[in-house]
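Down below is the structure, laid out as structure tokens.
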Amino acid sequence: MNNTLIFFCIASCLLAFSIIVVNTSISDSDWKDLNCKRYSDFHDYTKEKGAAATKDEYLKLSKEGRNLCNRRKAMYGLGISSIVCDIVLGFFCAFLSFLHYLGVGKVYEKVTGIIGLASGIICFILTLVYVIYSGYIFTNDNVGMEFTISGFTITKDYGDTLKLDKDGVFAKYDSDSGKFQCVYYDKDDESKLYAKNNDLGKKRYNYNKDSIDSNSKFSKCRYDKVTSLTESDNPTYSNCKDGIARSTSDCDVIYIHHSGTSNKYIYDRWITSIIFDTLNIALSIGLAIFGFLLFKGSSDGHTPL
């Protein structure tokens, strides 16, 4: 196959996959306006003038908050940059190579080759770094995690998506303590009690038909049915620390159900974006390689087969 045609196919795929990424990207537009410096300023203030009782804790939280803020802002910025480059440069390379394939401007194939080589390198670097950030946040950050600075205090919120086992169970009854004990409670790491972004695609975090059956165990053993907690009062880390009192002996486990499919939607979009961006990384390498071959072939006065 003619190198010009291969170059055109690679550039066209890069353009097409980038359009898919545009429609599946999950970066929150609010992330572009995040002010990460406030965490640094809070950290510096706490280090110099913070109260001894909370100093170490606040220094740790402000550092975590700054890192989360920087990750989100970088992911948003890199996402926009990589998408723009992939689309613009992909279209430009596809257009030029298509003209050359039709015999138009053949004398400029060397220039097109140089453009393809440079475009491939740029797209590769931007897309690779973006995928790294996106993949890290997807696999390591808790759903809806936020840090809030108010006056001279900082708090950490892990969101309200509690981590469940494969059956949708949040806590199990412990006969020794006479209370429900949370399955994923860890006194040294609160984050383990909450789901991460890559958990959202699992069935347990989405609509379950058993939740509408009032006679199912799944419905009867919801936390608001077997404890003093109400349906709008999700269990918290502090509840798990002390154990959750059982108000009925009918259930030995606590289920938590999700009534919608929004979590699966977010998960599908995110994983689709990562997959097609990974393909774009491979295509960027191909664009650079065949751009170089196009340049080399043209410089020899012919188009290599």
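Starting from 1 in every chain, residues are counted up; chains themselves are A, B, ... following the order of the structure tokens, and ligands are numbered from 1 as listed.
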Neighbour list for stretch 55-72 of chain A as a PDB file with N, CA and C atoms, in the first residue's frame, cut-off 7 Å, only C-alpha atoms, skip fewer than 6 positions in-chain:
ATOM      1  N   TRP A  31     -13.596  22.477  36.509  1.00  0.00           N
ATOM      2  CA  TRP A  31     -12.213  22.221  36.881  1.00  0.00           C
ATOM      3  C   TRP A  31     -11.255  23.254  36.296  1.00  0.00           C
ATOM      4  N   LEU A  34     -10.618  26.092  38.840  1.00  0.00           N
ATOM      5  CA  LEU A  34     -10.200  25.762  40.198  1.00  0.00           C
ATOM      6  C   LEU A  34      -9.023  26.641  40.624  1.00  0.00           C
ATOM      7  N   CYS A  36      -6.084  26.493  42.827  1.00  0.00           N
ATOM      8  CA  CYS A  36      -5.256  25.588  43.624  1.00  0.00           C
ATOM      9  C   CYS A  36      -4.305  26.329  44.552  1.00  0.00           C
ATOM     10  N   TYR A  39      -4.936  26.425  48.417  1.00  0.00           N
ATOM     11  CA  TYR A  39      -4.470  25.321  49.255  1.00  0.00           C
ATOM     12  C   TYR A  39      -3.011  25.532  49.667  1.00  0.00           C
ATOM     13  N   SER A  40      -2.217  26.061  48.724  1.00  0.00           N
ATOM     14  CA  SER A  40      -0.828  26.353  49.040  1.00  0.00           C
ATOM     15  C   SER A  40      -0.735  27.458  50.081  1.00  0.00           C
ATOM     16  N   PHE A  42      -3.035  28.247  52.291  1.00  0.00           N
ATOM     17  CA  PHE A  42      -3.514  27.707  53.568  1.00  0.00           C
ATOM     18  C   PHE A  42      -2.427  26.852  54.210  1.00  0.00           C
ATOM     19  N   HIS A  43      -1.715  26.086  53.399  1.00  0.00           N
ATOM     20  CA  HIS A  43      -0.633  25.246  53.891  1.00  0.00           C
ATOM     21  C   HIS A  43       0.466  26.099  54.517  1.00  0.00           C
ATOM     22  N   THR A  46      -0.781  27.685  57.796  1.00  0.00           N
ATOM     23  CA  THR A  46      -0.849  26.695  58.861  1.00  0.00           C
ATOM     24  C   THR A  46       0.545  26.330  59.364  1.00  0.00           C
ATOM     25  N   LYS A  47       1.478  26.243  58.451  1.00  0.00           N
ATOM     26  CA  LYS A  47       2.845  25.890  58.825  1.00  0.00           C
ATOM     27  C   LYS A  47       3.467  26.944  59.732  1.00  0.00           C
ATOM     28  N   TYR A 133      -3.065  11.151  33.524  1.00  0.00           N
ATOM     29  CA  TYR A 133      -3.830  11.887  34.538  1.00  0.00           C
ATOM     30  C   TYR A 133      -5.242  11.322  34.666  1.00  0.00           C
ATOM     31  N   PHE A 147     -12.238  18.921  49.045  1.00  0.00           N
ATOM     32  CA  PHE A 147     -11.615  19.557  50.203  1.00  0.00           C
ATOM     33  C   PHE A 147     -12.180  20.959  50.312  1.00  0.00           C
ATOM     34  N   ILE A 154      -9.895  23.327  57.443  1.00  0.00           N
ATOM     35  CA  ILE A 154     -10.043  22.603  56.178  1.00  0.00           C
ATOM     36  C   ILE A 154     -10.641  21.234  56.484  1.00  0.00           C
TER      37      ILE A 154
END
What's the 12 Å shell around A:Ser249, counting only C-alpha atoms, without same-chain residues fewer than 4 positions away, as a PDB file with C-alpha atoms, in the first residue's frame?
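Produced file out07.pdb, reproduced below:
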ATOM      1  CA  TYR A 173     -24.199  -7.820  61.835  1.00  0.00           C
ATOM      2  CA  ASP A 174     -21.605  -8.736  64.452  1.00  0.00           C
ATOM      3  CA  SER A 175     -23.058 -10.800  67.304  1.00  0.00           C
ATOM      4  CA  GLY A 178     -24.472  -6.479  68.891  1.00  0.00           C
ATOM      5  CA  LYS A 179     -24.142  -3.941  66.066  1.00  0.00           C
ATOM      6  CA  PHE A 180     -23.676  -3.771  62.307  1.00  0.00           C
ATOM      7  CA  LYS A 220     -36.307  -5.143  53.390  1.00  0.00           C
ATOM      8  CA  CYS A 221     -32.721  -4.896  54.626  1.00  0.00           C
ATOM      9  CA  LYS A 225     -35.309  -0.257  57.427  1.00  0.00           C
ATOM     10  CA  VAL A 226     -33.050  -2.007  59.938  1.00  0.00           C
ATOM     11  CA  THR A 227     -31.408   0.887  61.786  1.00  0.00           C
ATOM     12  CA  ALA A 245     -27.279  -0.219  66.118  1.00  0.00           C
ATOM     13  CA  VAL A 253     -26.710  -7.368  56.570  1.00  0.00           C
ATOM     14  CA  ILE A 254     -27.362  -3.823  55.385  1.00  0.00           C
TER      15      ILE A 254
END
- request: Excluding stretch 263-271 of chain A and residues on its chain fewer than 6 positions from it, collect all residues at most 9 Å away from it, counting only C-alpha atoms, and give them as a list of chain:residue names.
  value: A:Val21, A:Asn23, A:Thr24, A:Ser25, A:Ile26, A:Ser27, A:Ser134, A:Gly135, A:Phe138, A:Asn197, A:Asn198, A:Asp199, A:Leu200, A:Gly201, A:Lys202, A:Lys203, A:Tyr205, A:Asn206
- request: Could you give me, as number ranges by chain, each residue of stretch 12-150 of chain A that DSSP assigns to alpha helix (DSSP H) when run on this structure's backbone?
  value: A: 12-24, 37-49, 55-101, 109-140
query: Could you work out how far atom CA of A:Thr127 lies from atom CA of A:Ile83, giving the answer in Å with one decimal?
result: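 Answer for the atom CA of A:Ile83 to atom CA of A:Thr127 separation: 7.9 Å.
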- request: Have a look at A:Gly113, A:Gly77, A:Gly260, A:Gly243 and name the one nearest to A:Leu96; count only C-alpha atoms.
  value: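 Between A:Gly113, A:Gly77, A:Gly260, A:Gly243, the residue approaching A:Leu96 most closely is A:Gly113.
With only C-alpha atoms taken into account, the protein and nucleic acid residues at most 12 Å from A:Ala282 (excluding it and anything under 4 positions from it in its own chain) are A:Ile10, A:Ala11, A:Cys13, A:Leu14, A:Phe17, A:Gly120, A:Ile121, A:Cys123, A:Phe124, A:Ile125, A:Thr127, A:Leu128, A:Ile275, A:Phe276, A:Asp277, A:Thr278, A:Gly286, A:Leu287, A:Ala288, A:Ile289.
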Separation of atom CA of A:Thr139 from atom CA of A:Lys73 in Å: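 These atoms are spaced 17.1 Å apart.
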For atom CA of A:Asn142 and atom CA of A:Ala195, the interatomic separation in Å (one decimal):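 According to the coordinates, atom CA of A:Asn142 and atom CA of A:Ala195 are separated by 5.7 Å.
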